[in-house]
>>> print(open('target08.txt').read())   # compact mmCIF, C-alpha atoms
# COMPACT_ATOMS: atom_id res chain seq x y z
CA MET Q 1 -18.44 215.33 -86.05
CA LYS Q 2 -18.45 215.71 -82.27
CA ARG Q 3 -18.41 219.47 -82.50
CA TRP Q 4 -21.26 219.32 -85.00
CA SER Q 5 -23.50 217.27 -82.71
CA ALA Q 6 -22.69 219.57 -79.77
CA PHE Q 7 -23.88 222.48 -81.89
CA ALA Q 8 -27.05 220.52 -82.75
CA TRP Q 9 -27.67 219.85 -79.05
CA TYR Q 10 -27.45 223.57 -78.17
CA TRP Q 11 -29.41 224.60 -81.23
CA GLN Q 12 -32.31 222.26 -80.32
CA ARG Q 13 -32.63 224.07 -76.97
CA ILE Q 14 -32.12 227.59 -78.30
CA SER Q 15 -34.48 227.13 -81.27
CA GLY Q 16 -37.00 225.62 -78.83
CA LEU Q 17 -36.86 228.69 -76.59
CA LEU Q 18 -37.23 230.97 -79.64
CA LEU Q 19 -40.22 228.88 -80.77
CA VAL Q 20 -41.89 229.41 -77.38
CA ILE Q 21 -41.71 233.18 -77.99
CA PHE Q 22 -42.99 232.76 -81.59
CA THR Q 23 -45.82 230.49 -80.41
CA ILE Q 24 -46.98 232.92 -77.70
CA GLY Q 25 -47.02 235.76 -80.26
CA HIS Q 26 -48.85 233.53 -82.74
CA TYR Q 27 -51.52 232.45 -80.24
CA VAL Q 28 -52.07 235.96 -78.85
CA THR Q 29 -52.53 237.55 -82.28
CA VAL Q 30 -54.25 234.76 -84.22
CA HIS Q 31 -56.19 232.75 -81.66
CA TRP Q 32 -57.40 235.47 -79.27
CA SER Q 33 -60.79 235.26 -80.95
CA ALA Q 34 -62.24 233.04 -83.67
CA ALA Q 35 -62.39 235.98 -86.10
CA ALA Q 36 -58.72 236.98 -85.61
CA GLY Q 37 -57.48 233.72 -87.06
CA HIS Q 38 -60.27 232.47 -89.29
CA GLU Q 39 -61.25 235.58 -91.24
CA PHE Q 40 -59.72 236.11 -94.66
CA SER Q 41 -59.43 239.90 -94.37
CA SER Q 42 -57.62 239.83 -91.00
CA SER Q 43 -55.14 237.22 -92.28
CA VAL Q 44 -54.47 239.23 -95.47
CA ALA Q 45 -54.02 242.44 -93.44
CA ARG Q 46 -51.53 240.70 -91.14
CA LEU Q 47 -49.52 239.10 -93.94
CA SER Q 48 -49.37 242.43 -95.85
CA ASN Q 49 -47.19 243.83 -93.07
CA PRO Q 50 -43.47 243.15 -93.78
CA LEU Q 51 -42.79 242.68 -90.05
CA TRP Q 52 -45.38 239.90 -89.79
CA GLN Q 53 -44.06 238.37 -93.04
CA PHE Q 54 -40.58 238.28 -91.53
CA TRP Q 55 -42.02 236.86 -88.28
CA TYR Q 56 -43.78 234.00 -90.09
CA LEU Q 57 -40.81 233.17 -92.34
CA GLY Q 58 -38.78 232.77 -89.15
CA PHE Q 59 -41.54 230.71 -87.54
CA VAL Q 60 -41.71 228.32 -90.52
CA VAL Q 61 -37.93 227.81 -90.67
CA LEU Q 62 -37.47 227.36 -86.91
CA GLY Q 63 -40.53 225.10 -86.53
CA LEU Q 64 -39.50 222.76 -89.34
CA TRP Q 65 -35.82 222.70 -88.35
CA HIS Q 66 -36.56 222.01 -84.66
CA GLY Q 67 -39.15 219.39 -85.63
CA VAL Q 68 -36.95 217.46 -88.08
CA GLN Q 69 -33.93 217.62 -85.77
CA GLY Q 70 -36.14 216.37 -82.91
CA ALA Q 71 -37.39 213.49 -85.07
CA TYR Q 72 -33.74 212.63 -85.88
CA ASN Q 73 -32.91 212.59 -82.15
CA ILE Q 74 -35.75 210.12 -81.55
CA LEU Q 75 -34.91 207.87 -84.53
CA ARG Q 76 -31.23 207.77 -83.57
CA ASP Q 77 -32.15 206.25 -80.18
CA PHE Q 78 -33.69 203.17 -81.83
CA LYS Q 79 -30.41 201.82 -83.29
CA LEU Q 80 -32.01 201.37 -86.70
CA PRO Q 81 -30.02 199.92 -89.60
CA ARG Q 82 -28.06 202.78 -91.16
CA ALA Q 83 -29.96 202.63 -94.46
CA VAL Q 84 -33.35 202.88 -92.70
CA LEU Q 85 -32.23 205.89 -90.64
CA LEU Q 86 -30.80 207.53 -93.74
CA GLY Q 87 -33.97 206.84 -95.75
CA ALA Q 88 -36.21 208.22 -93.00
CA MET Q 89 -34.09 211.38 -92.80
CA VAL Q 90 -34.20 211.89 -96.58
CA VAL Q 91 -38.03 211.70 -96.43
CA LEU Q 92 -38.23 214.03 -93.39
CA ILE Q 93 -35.82 216.64 -94.78
CA GLY Q 94 -37.52 216.43 -98.19
CA ALA Q 95 -40.93 217.02 -96.57
CA ALA Q 96 -39.54 219.91 -94.50
CA LEU Q 97 -38.05 221.57 -97.61
CA TYR Q 98 -41.34 221.16 -99.51
CA PHE Q 99 -43.42 222.63 -96.65
CA ALA Q 100 -40.89 225.43 -96.15
CA TYR Q 101 -41.33 226.33 -99.84
CA LEU Q 102 -45.13 226.15 -99.45
CA GLY Q 103 -45.06 228.32 -96.29
CA PHE Q 104 -42.69 230.91 -97.80
CA ASP Q 105 -44.76 231.17 -100.97
CA THR Q 106 -47.97 231.61 -98.93
CA VAL Q 107 -46.48 234.25 -96.60
CA LEU Q 108 -44.96 236.23 -99.47
CA THR Q 109 -47.91 236.22 -101.91
CA VAL Q 110 -50.99 236.65 -99.69
CA HIS Q 111 -50.63 240.47 -99.73
CA GLU Q 112 -51.64 240.43 -103.42
CA TRP Q 113 -55.28 239.96 -102.28
CA LYS Q 114 -55.23 243.22 -100.31
CA HIS Q 115 -56.27 245.39 -103.27
CA HIS Q 116 -58.30 242.74 -105.14
CA PRO Q 117 -61.00 241.63 -102.73
CA MET D 1 -14.47 194.70 -76.70
CA ALA D 2 -17.21 195.58 -79.12
CA TYR D 3 -20.71 195.80 -77.75
CA VAL D 4 -23.26 193.96 -79.86
CA GLN D 5 -26.91 194.46 -79.08
CA ALA D 6 -28.98 191.27 -79.33
CA ARG D 7 -32.23 191.43 -81.27
CA LYS D 8 -35.04 191.32 -78.72
CA PRO D 9 -38.38 189.70 -79.51
CA LEU D 10 -41.53 191.80 -79.12
CA THR D 11 -42.59 190.08 -75.88
CA THR D 12 -39.29 190.99 -74.21
CA TRP D 13 -39.80 194.57 -75.38
CA LEU D 14 -43.31 194.60 -73.88
CA GLN D 15 -42.08 193.07 -70.62
CA THR D 16 -39.42 195.75 -70.35
CA LEU D 17 -42.04 198.40 -70.96
CA LEU D 18 -44.39 196.97 -68.30
CA HIS D 19 -41.64 196.72 -65.70
CA TYR D 20 -40.43 200.20 -66.42
CA ARG D 21 -40.41 202.48 -63.39
CA TRP D 22 -42.52 205.44 -64.45
CA HIS D 23 -40.61 208.19 -62.69
CA PRO D 24 -42.27 211.61 -63.28
CA GLY D 25 -39.22 212.76 -65.25
CA ALA D 26 -39.39 209.65 -67.46
CA VAL D 27 -43.11 210.24 -68.12
CA ALA D 28 -42.32 213.83 -69.13
CA TYR D 29 -39.54 212.54 -71.44
CA VAL D 30 -41.96 210.19 -73.24
CA LEU D 31 -44.74 212.82 -73.42
CA HIS D 32 -42.25 215.34 -74.83
CA ARG D 33 -41.33 212.97 -77.66
CA ILE D 34 -44.93 211.96 -78.46
CA SER D 35 -46.13 215.59 -78.47
CA GLY D 36 -43.09 216.59 -80.56
CA ILE D 37 -43.88 214.05 -83.30
CA ALA D 38 -47.56 215.10 -83.25
CA LEU D 39 -46.63 218.79 -83.54
CA LEU D 40 -44.30 218.19 -86.52
CA GLY D 41 -47.17 216.36 -88.25
CA TYR D 42 -49.55 219.17 -87.37
CA LEU D 43 -47.13 221.80 -88.69
CA PHE D 44 -47.26 220.10 -92.13
CA VAL D 45 -51.08 220.08 -92.00
CA HIS D 46 -51.24 223.70 -90.78
CA ILE D 47 -49.02 225.01 -93.60
CA SER D 48 -51.12 223.07 -96.15
CA THR D 49 -54.41 224.44 -94.82
CA LEU D 50 -53.20 228.05 -94.92
CA ARG D 51 -52.38 227.51 -98.60
CA GLY D 52 -56.08 228.37 -99.05
CA LEU D 53 -55.15 232.03 -98.41
CA VAL D 54 -53.34 232.17 -101.77
CA GLN D 55 -56.38 230.76 -103.63
CA GLY D 56 -58.60 233.64 -102.48
CA GLU D 57 -61.38 234.37 -100.02
CA ALA D 58 -63.94 231.82 -101.27
CA SER D 59 -61.49 228.91 -101.11
CA PHE D 60 -60.15 230.00 -97.72
CA ASN D 61 -63.62 230.41 -96.19
CA GLU D 62 -64.64 227.02 -97.52
CA LYS D 63 -61.68 225.41 -95.73
CA MET D 64 -62.24 227.46 -92.56
CA GLN D 65 -65.93 226.48 -92.46
CA LEU D 66 -64.75 222.98 -91.61
CA PHE D 67 -63.05 224.18 -88.41
CA THR D 68 -66.15 225.80 -86.92
CA ALA D 69 -67.67 222.36 -86.19
CA PRO D 70 -67.69 221.45 -82.45
CA ILE D 71 -65.45 218.42 -83.04
CA PHE D 72 -62.75 220.68 -84.52
CA LYS D 73 -63.03 223.10 -81.61
CA LEU D 74 -62.37 220.15 -79.32
CA ALA D 75 -59.47 219.12 -81.58
CA GLU D 76 -58.03 222.66 -81.41
CA TRP D 77 -58.21 222.51 -77.63
CA LEU D 78 -56.44 219.12 -77.58
CA LEU D 79 -53.82 220.48 -79.97
CA PHE D 80 -53.25 223.32 -77.51
CA ALA D 81 -52.59 220.73 -74.79
CA PHE D 82 -49.80 219.25 -76.97
CA VAL D 83 -48.36 222.71 -77.75
CA LEU D 84 -48.58 223.75 -74.11
CA PHE D 85 -46.90 220.64 -72.70
CA HIS D 86 -44.15 220.66 -75.32
CA ALA D 87 -43.47 224.39 -74.80
CA LEU D 88 -43.54 224.37 -70.98
CA ASN D 89 -41.57 221.13 -70.66
CA GLY D 90 -39.18 222.42 -73.34
CA VAL D 91 -38.45 225.49 -71.21
CA ARG D 92 -37.91 223.09 -68.28
CA ILE D 93 -35.42 221.04 -70.33
CA ALA D 94 -33.55 224.20 -71.35
CA LEU D 95 -33.38 225.27 -67.69
CA LEU D 96 -32.09 221.82 -66.63
CA ASP D 97 -29.46 221.68 -69.33
CA LEU D 98 -28.31 225.27 -69.54
CA THR D 99 -28.42 226.55 -65.95
CA GLN D 100 -26.53 225.56 -62.81
CA ARG D 101 -29.51 225.17 -60.50
CA GLY D 102 -32.08 223.84 -62.97
CA SER D 103 -31.28 220.14 -62.59
CA ARG D 104 -31.70 220.24 -58.80
CA ALA D 105 -35.19 221.71 -59.14
CA HIS D 106 -36.36 219.54 -62.05
CA ILE D 107 -39.27 217.89 -60.21
CA ALA D 108 -40.47 221.21 -58.79
CA LEU D 109 -40.22 222.63 -62.32
CA LEU D 110 -42.23 219.67 -63.63
CA ARG D 111 -44.96 220.34 -61.08
CA LEU D 112 -44.99 223.95 -62.28
CA VAL D 113 -45.32 222.69 -65.89
CA TYR D 114 -48.48 220.73 -65.01
CA VAL D 115 -50.02 223.50 -62.84
CA VAL D 116 -49.38 226.33 -65.34
CA GLY D 117 -50.44 223.98 -68.15
CA ALA D 118 -53.76 223.12 -66.49
CA LEU D 119 -54.54 226.80 -65.85
CA ALA D 120 -53.68 227.78 -69.43
CA MET D 121 -55.87 224.90 -70.71
CA LEU D 122 -58.82 226.34 -68.76
CA GLY D 123 -58.15 229.83 -70.17
CA MET D 124 -57.89 228.52 -73.72
CA GLY D 125 -61.08 226.49 -73.20
CA VAL D 126 -62.93 229.73 -72.45
CA LEU D 127 -61.44 231.43 -75.55
CA ILE D 128 -62.27 228.51 -77.87
CA PHE D 129 -65.75 227.53 -76.65
CA TRP D 130 -67.18 230.95 -75.60
CA ASP D 131 -65.13 233.34 -77.77
CA PRO D 132 -65.55 236.30 -75.34
CA PHE D 133 -63.40 238.62 -77.49
CA GLY D 134 -65.13 237.75 -80.76
CA ALA D 135 -67.16 240.25 -82.73
>>> encode(input="target08.txt", output="structure tokens")
Amino acid sequence: MKRWSAFAWYWQRISGLLLVIFTIGHYVTVHWSAAAGHEFSSSVARLSNPLWQFWYLGFVVLGLWHGVQGAYNILRDFKLPRAVLLGAMVVLIGAALYFAYLGFDTVLTVHEWKHHP
Amino acid sequence: MAYVQARKPLTTWLQTLLHYRWHPGAVAYVLHRISGIALLGYLFVHISTLRGLVQGEASFNEKMQLFTAPIFKLAEWLLFAFVLFHALNGVRIALLDLTQRGSRAHIALLRLVYVVGALAMLGMGVLIFWDPFGA
């Protein structure tokens, strides 16, 4: 148990640093201009490239993992009754799994619009 | 001896909060947690919105039309403030925890967080409100 939480402590910092790199890349490519991020064709072109697909799958997993683990760190500090903490974590992890599925499905199917405008 | 925490009434909690010494590092700690919760919530919303891509161009454009309103541009800028603080302060935390010299320089690093953050906010303000690189 102790070793596990030490791993979690390191992983929160390392995933955070990785997310900084992902976020800079995301902002530079998608939010450099209004058209780069808000136009259908530029989004489809980006998500038809396997490298960008891989990039965004990683972004979704890291973002959700870091976020849910961070929420756990906050909740744990409040000395909540065990059942409440457990219930909150079930909801958070459930939501993260659902949004990970949604994100993966979006990233991996958007390229189908490339040849059917 | 087992330590048992007494249940504190709300007024005691408020009094504690009001008498709290707001050291710059403590402020950053609270801001990091608040921005973190906000960003997790936003990540859920962001993934949902981009679902419009799968439903085709018309559906996506309809959703994106919403974000061209001035109030959403302001919201995007505010969101960037949350992202920026969480990212810069996160790097600061990693430096404090993972390097030998980081903890000695934590206030200087915090100053750097706010200065770099303010400059990046100005830059992003130009990108969002004037769109100089747009078509």
>>> closest_atom_pairs(input="target08.txt", of="chain D", to="chain Q", cutoff="10 Å", atoms="all atoms listed in the file", output="CSV")
residue,atom,partner,partner_atom,distance
D:Gln5,CA,Q:Lys79,CA,9.2
D:Arg33,CA,Q:Ile74,CA,7.4
D:Ile34,CA,Q:Ile74,CA,9.9
D:Gly36,CA,Q:Gly67,CA,7.0
D:Ile37,CA,Q:Ala71,CA,6.8
D:Ala38,CA,Q:Gly67,CA,9.7
D:Leu39,CA,Q:Gly67,CA,7.8
D:Leu40,CA,Q:Gly67,CA,5.4
D:Gly41,CA,Q:Gly67,CA,9.0
D:Leu43,CA,Q:Gly63,CA,7.7
D:Phe44,CA,Q:Phe99,CA,6.4
D:Val45,CA,Q:Phe99,CA,9.3
D:His46,CA,Q:Gly103,CA,9.5
D:Ile47,CA,Q:Gly103,CA,5.8
D:Ser48,CA,Q:Leu102,CA,7.5
D:Leu50,CA,Q:Thr106,CA,7.5
D:Arg51,CA,Q:Thr106,CA,6.0
D:Gly52,CA,Q:Thr106,CA,8.7
D:Leu53,CA,Q:Val110,CA,6.3
D:Val54,CA,Q:Val110,CA,5.5
D:Gln55,CA,Q:Val110,CA,8.9
D:Gly56,CA,Q:Trp113,CA,7.1
D:Glu57,CA,Q:Phe40,CA,5.9
D:Ala58,CA,Q:Phe40,CA,8.9
D:Ser59,CA,Q:Phe40,CA,9.8
D:Phe60,CA,Q:Phe40,CA,6.8
D:Asn61,CA,Q:Phe40,CA,7.1
D:Lys63,CA,Q:His38,CA,9.7
D:Met64,CA,Q:His38,CA,6.3
D:Gln65,CA,Q:His38,CA,8.8
D:Phe67,CA,Q:His38,CA,8.8
D:Thr68,CA,Q:Ala34,CA,8.8
D:Phe80,CA,Q:Tyr27,CA,9.7
D:Val83,CA,Q:Thr23,CA,8.6
D:Leu84,CA,Q:Val20,CA,9.4
D:His86,CA,Q:Val20,CA,9.3
D:Ala87,CA,Q:Val20,CA,5.9
D:Leu88,CA,Q:Val20,CA,8.3
D:Gly90,CA,Q:Gly16,CA,6.7
D:Val91,CA,Q:Leu17,CA,6.5
D:Ile93,CA,Q:Arg13,CA,7.8
D:Ala94,CA,Q:Arg13,CA,5.7
D:Leu95,CA,Q:Arg13,CA,9.4
D:Asp97,CA,Q:Arg13,CA,8.6
D:Leu98,CA,Q:Arg13,CA,8.7
D:Met124,CA,Q:Trp32,CA,8.9
D:Leu127,CA,Q:Ser33,CA,6.7
D:Ile128,CA,Q:Ala34,CA,7.4
D:Phe129,CA,Q:Ala34,CA,9.6
D:Trp130,CA,Q:Ser33,CA,9.4
D:Asp131,CA,Q:Ser33,CA,5.7
D:Pro132,CA,Q:Ser33,CA,7.4
D:Phe133,CA,Q:Ser33,CA,5.5
D:Gly134,CA,Q:Ser33,CA,5.0
D:Ala135,CA,Q:Ala35,CA,7.2
>>> write_last_selection(input="target08.txt", atoms="C-alpha atoms", output="mmCIF file, keeping the file's coordinate frame")
data_model
loop_
_atom_site.group_PDB
_atom_site.id
_atom_site.type_symbol
_atom_site.label_atom_id
_atom_site.label_comp_id
_atom_site.auth_asym_id
_atom_site.auth_seq_id
_atom_site.Cartn_x
_atom_site.Cartn_y
_atom_site.Cartn_z
ATOM 1 C CA GLN D 5 -26.910 194.460 -79.080
ATOM 2 C CA ARG D 33 -41.330 212.970 -77.660
ATOM 3 C CA ILE D 34 -44.930 211.960 -78.460
ATOM 4 C CA GLY D 36 -43.090 216.590 -80.560
ATOM 5 C CA ILE D 37 -43.880 214.050 -83.300
ATOM 6 C CA ALA D 38 -47.560 215.100 -83.250
ATOM 7 C CA LEU D 39 -46.630 218.790 -83.540
ATOM 8 C CA LEU D 40 -44.300 218.190 -86.520
ATOM 9 C CA GLY D 41 -47.170 216.360 -88.250
ATOM 10 C CA LEU D 43 -47.130 221.800 -88.690
ATOM 11 C CA PHE D 44 -47.260 220.100 -92.130
ATOM 12 C CA VAL D 45 -51.080 220.080 -92.000
ATOM 13 C CA HIS D 46 -51.240 223.700 -90.780
ATOM 14 C CA ILE D 47 -49.020 225.010 -93.600
ATOM 15 C CA SER D 48 -51.120 223.070 -96.150
ATOM 16 C CA LEU D 50 -53.200 228.050 -94.920
ATOM 17 C CA ARG D 51 -52.380 227.510 -98.600
ATOM 18 C CA GLY D 52 -56.080 228.370 -99.050
ATOM 19 C CA LEU D 53 -55.150 232.030 -98.410
ATOM 20 C CA VAL D 54 -53.340 232.170 -101.770
ATOM 21 C CA GLN D 55 -56.380 230.760 -103.630
ATOM 22 C CA GLY D 56 -58.600 233.640 -102.480
ATOM 23 C CA GLU D 57 -61.380 234.370 -100.020
ATOM 24 C CA ALA D 58 -63.940 231.820 -101.270
ATOM 25 C CA SER D 59 -61.490 228.910 -101.110
ATOM 26 C CA PHE D 60 -60.150 230.000 -97.720
ATOM 27 C CA ASN D 61 -63.620 230.410 -96.190
ATOM 28 C CA LYS D 63 -61.680 225.410 -95.730
ATOM 29 C CA MET D 64 -62.240 227.460 -92.560
ATOM 30 C CA GLN D 65 -65.930 226.480 -92.460
ATOM 31 C CA PHE D 67 -63.050 224.180 -88.410
ATOM 32 C CA THR D 68 -66.150 225.800 -86.920
ATOM 33 C CA PHE D 80 -53.250 223.320 -77.510
ATOM 34 C CA VAL D 83 -48.360 222.710 -77.750
ATOM 35 C CA LEU D 84 -48.580 223.750 -74.110
ATOM 36 C CA HIS D 86 -44.150 220.660 -75.320
ATOM 37 C CA ALA D 87 -43.470 224.390 -74.800
ATOM 38 C CA LEU D 88 -43.540 224.370 -70.980
ATOM 39 C CA GLY D 90 -39.180 222.420 -73.340
ATOM 40 C CA VAL D 91 -38.450 225.490 -71.210
ATOM 41 C CA ILE D 93 -35.420 221.040 -70.330
ATOM 42 C CA ALA D 94 -33.550 224.200 -71.350
ATOM 43 C CA LEU D 95 -33.380 225.270 -67.690
ATOM 44 C CA ASP D 97 -29.460 221.680 -69.330
ATOM 45 C CA LEU D 98 -28.310 225.270 -69.540
ATOM 46 C CA MET D 124 -57.890 228.520 -73.720
ATOM 47 C CA LEU D 127 -61.440 231.430 -75.550
ATOM 48 C CA ILE D 128 -62.270 228.510 -77.870
ATOM 49 C CA PHE D 129 -65.750 227.530 -76.650
ATOM 50 C CA TRP D 130 -67.180 230.950 -75.600
ATOM 51 C CA ASP D 131 -65.130 233.340 -77.770
ATOM 52 C CA PRO D 132 -65.550 236.300 -75.340
ATOM 53 C CA PHE D 133 -63.400 238.620 -77.490
ATOM 54 C CA GLY D 134 -65.130 237.750 -80.760
ATOM 55 C CA ALA D 135 -67.160 240.250 -82.730
#
>>> closest_residue(input="target08.txt", among="D:His19, D:Leu14, D:Arg111, D:Met121", to="Leu74 of chain D", atoms="all atoms listed in the file")
D:Met121
>>> atom_distance(input="target08.txt", atom1="atom CA of Gly102 of chain D", atom2="atom CA of Arg3 of chain Q")
24.2 Å
>>> atom_distance(input="target08.txt", atom1="atom CA of Ala8 of chain Q", atom2="atom CA of Gln69 of chain Q")
8.1 Å
>>> atom_distance(input="target08.txt", atom1="atom CA of Phe59 of chain Q", atom2="atom CA of Trp11 of chain Q")
15.0 Å
>>> decode(input="target08.txt", residues="segment 38-56 of chain Q", atoms="N, CA and C atoms", output="PDB file, in the first residue's frame")
ATOM      1  N   HIS Q  38     -11.509  25.778 -34.874  1.00  0.00           N
ATOM      2  CA  HIS Q  38     -12.967  25.780 -34.955  1.00  0.00           C
ATOM      3  C   HIS Q  38     -13.506  25.423 -36.331  1.00  0.00           C
ATOM      4  N   GLU Q  39     -12.594  25.075 -37.266  1.00  0.00           N
ATOM      5  CA  GLU Q  39     -13.062  24.698 -38.599  1.00  0.00           C
ATOM      6  C   GLU Q  39     -13.096  23.183 -38.729  1.00  0.00           C
ATOM      7  N   PHE Q  40     -14.195  22.684 -39.282  1.00  0.00           N
ATOM      8  CA  PHE Q  40     -14.380  21.237 -39.403  1.00  0.00           C
ATOM      9  C   PHE Q  40     -13.252  20.598 -40.206  1.00  0.00           C
ATOM     10  N   SER Q  41     -12.937  21.199 -41.380  1.00  0.00           N
ATOM     11  CA  SER Q  41     -11.956  20.568 -42.280  1.00  0.00           C
ATOM     12  C   SER Q  41     -10.567  20.471 -41.638  1.00  0.00           C
ATOM     13  N   SER Q  42     -10.160  21.521 -40.883  1.00  0.00           N
ATOM     14  CA  SER Q  42      -8.826  21.456 -40.275  1.00  0.00           C
ATOM     15  C   SER Q  42      -8.778  20.414 -39.150  1.00  0.00           C
ATOM     16  N   SER Q  43      -9.897  20.257 -38.428  1.00  0.00           N
ATOM     17  CA  SER Q  43      -9.937  19.235 -37.372  1.00  0.00           C
ATOM     18  C   SER Q  43      -9.898  17.832 -37.979  1.00  0.00           C
ATOM     19  N   VAL Q  44     -10.665  17.628 -39.079  1.00  0.00           N
ATOM     20  CA  VAL Q  44     -10.691  16.313 -39.727  1.00  0.00           C
ATOM     21  C   VAL Q  44      -9.312  15.982 -40.290  1.00  0.00           C
ATOM     22  N   ALA Q  45      -8.664  16.986 -40.919  1.00  0.00           N
ATOM     23  CA  ALA Q  45      -7.326  16.762 -41.483  1.00  0.00           C
ATOM     24  C   ALA Q  45      -6.351  16.348 -40.380  1.00  0.00           C
ATOM     25  N   ARG Q  46      -6.418  17.042 -39.243  1.00  0.00           N
ATOM     26  CA  ARG Q  46      -5.507  16.738 -38.140  1.00  0.00           C
ATOM     27  C   ARG Q  46      -5.744  15.331 -37.606  1.00  0.00           C
ATOM     28  N   LEU Q  47      -7.020  14.996 -37.388  1.00  0.00           N
ATOM     29  CA  LEU Q  47      -7.327  13.695 -36.774  1.00  0.00           C
ATOM     30  C   LEU Q  47      -7.321  12.548 -37.792  1.00  0.00           C
ATOM     31  N   SER Q  48      -6.940  12.840 -39.073  1.00  0.00           N
ATOM     32  CA  SER Q  48      -6.739  11.760 -40.042  1.00  0.00           C
ATOM     33  C   SER Q  48      -5.282  11.311 -40.032  1.00  0.00           C
ATOM     34  N   ASN Q  49      -4.446  12.066 -39.360  1.00  0.00           N
ATOM     35  CA  ASN Q  49      -3.017  11.742 -39.266  1.00  0.00           C
ATOM     36  C   ASN Q  49      -2.794  10.823 -38.046  1.00  0.00           C
ATOM     37  N   PRO Q  50      -2.257   9.609 -38.278  1.00  0.00           N
ATOM     38  CA  PRO Q  50      -2.077   8.654 -37.166  1.00  0.00           C
ATOM     39  C   PRO Q  50      -1.247   9.221 -36.008  1.00  0.00           C
ATOM     40  N   LEU Q  51      -0.284  10.099 -36.325  1.00  0.00           N
ATOM     41  CA  LEU Q  51       0.537  10.676 -35.256  1.00  0.00           C
ATOM     42  C   LEU Q  51      -0.293  11.561 -34.330  1.00  0.00           C
ATOM     43  N   TRP Q  52      -1.179  12.376 -34.950  1.00  0.00           N
ATOM     44  CA  TRP Q  52      -2.059  13.224 -34.130  1.00  0.00           C
ATOM     45  C   TRP Q  52      -3.080  12.378 -33.379  1.00  0.00           C
ATOM     46  N   GLN Q  53      -3.554  11.289 -34.001  1.00  0.00           N
ATOM     47  CA  GLN Q  53      -4.485  10.385 -33.299  1.00  0.00           C
ATOM     48  C   GLN Q  53      -3.822   9.857 -32.033  1.00  0.00           C
ATOM     49  N   PHE Q  54      -2.582   9.376 -32.191  1.00  0.00           N
ATOM     50  CA  PHE Q  54      -1.824   8.828 -31.074  1.00  0.00           C
ATOM     51  C   PHE Q  54      -1.632   9.901 -29.992  1.00  0.00           C
ATOM     52  N   TRP Q  55      -1.273  11.108 -30.445  1.00  0.00           N
ATOM     53  CA  TRP Q  55      -1.078  12.258 -29.557  1.00  0.00           C
ATOM     54  C   TRP Q  55      -2.332  12.498 -28.703  1.00  0.00           C
ATOM     55  N   TYR Q  56      -3.508  12.526 -29.364  1.00  0.00           N
ATOM     56  CA  TYR Q  56      -4.730  12.850 -28.638  1.00  0.00           C
ATOM     57  C   TYR Q  56      -5.227  11.703 -27.762  1.00  0.00           C
TER      58      TYR Q  56
END
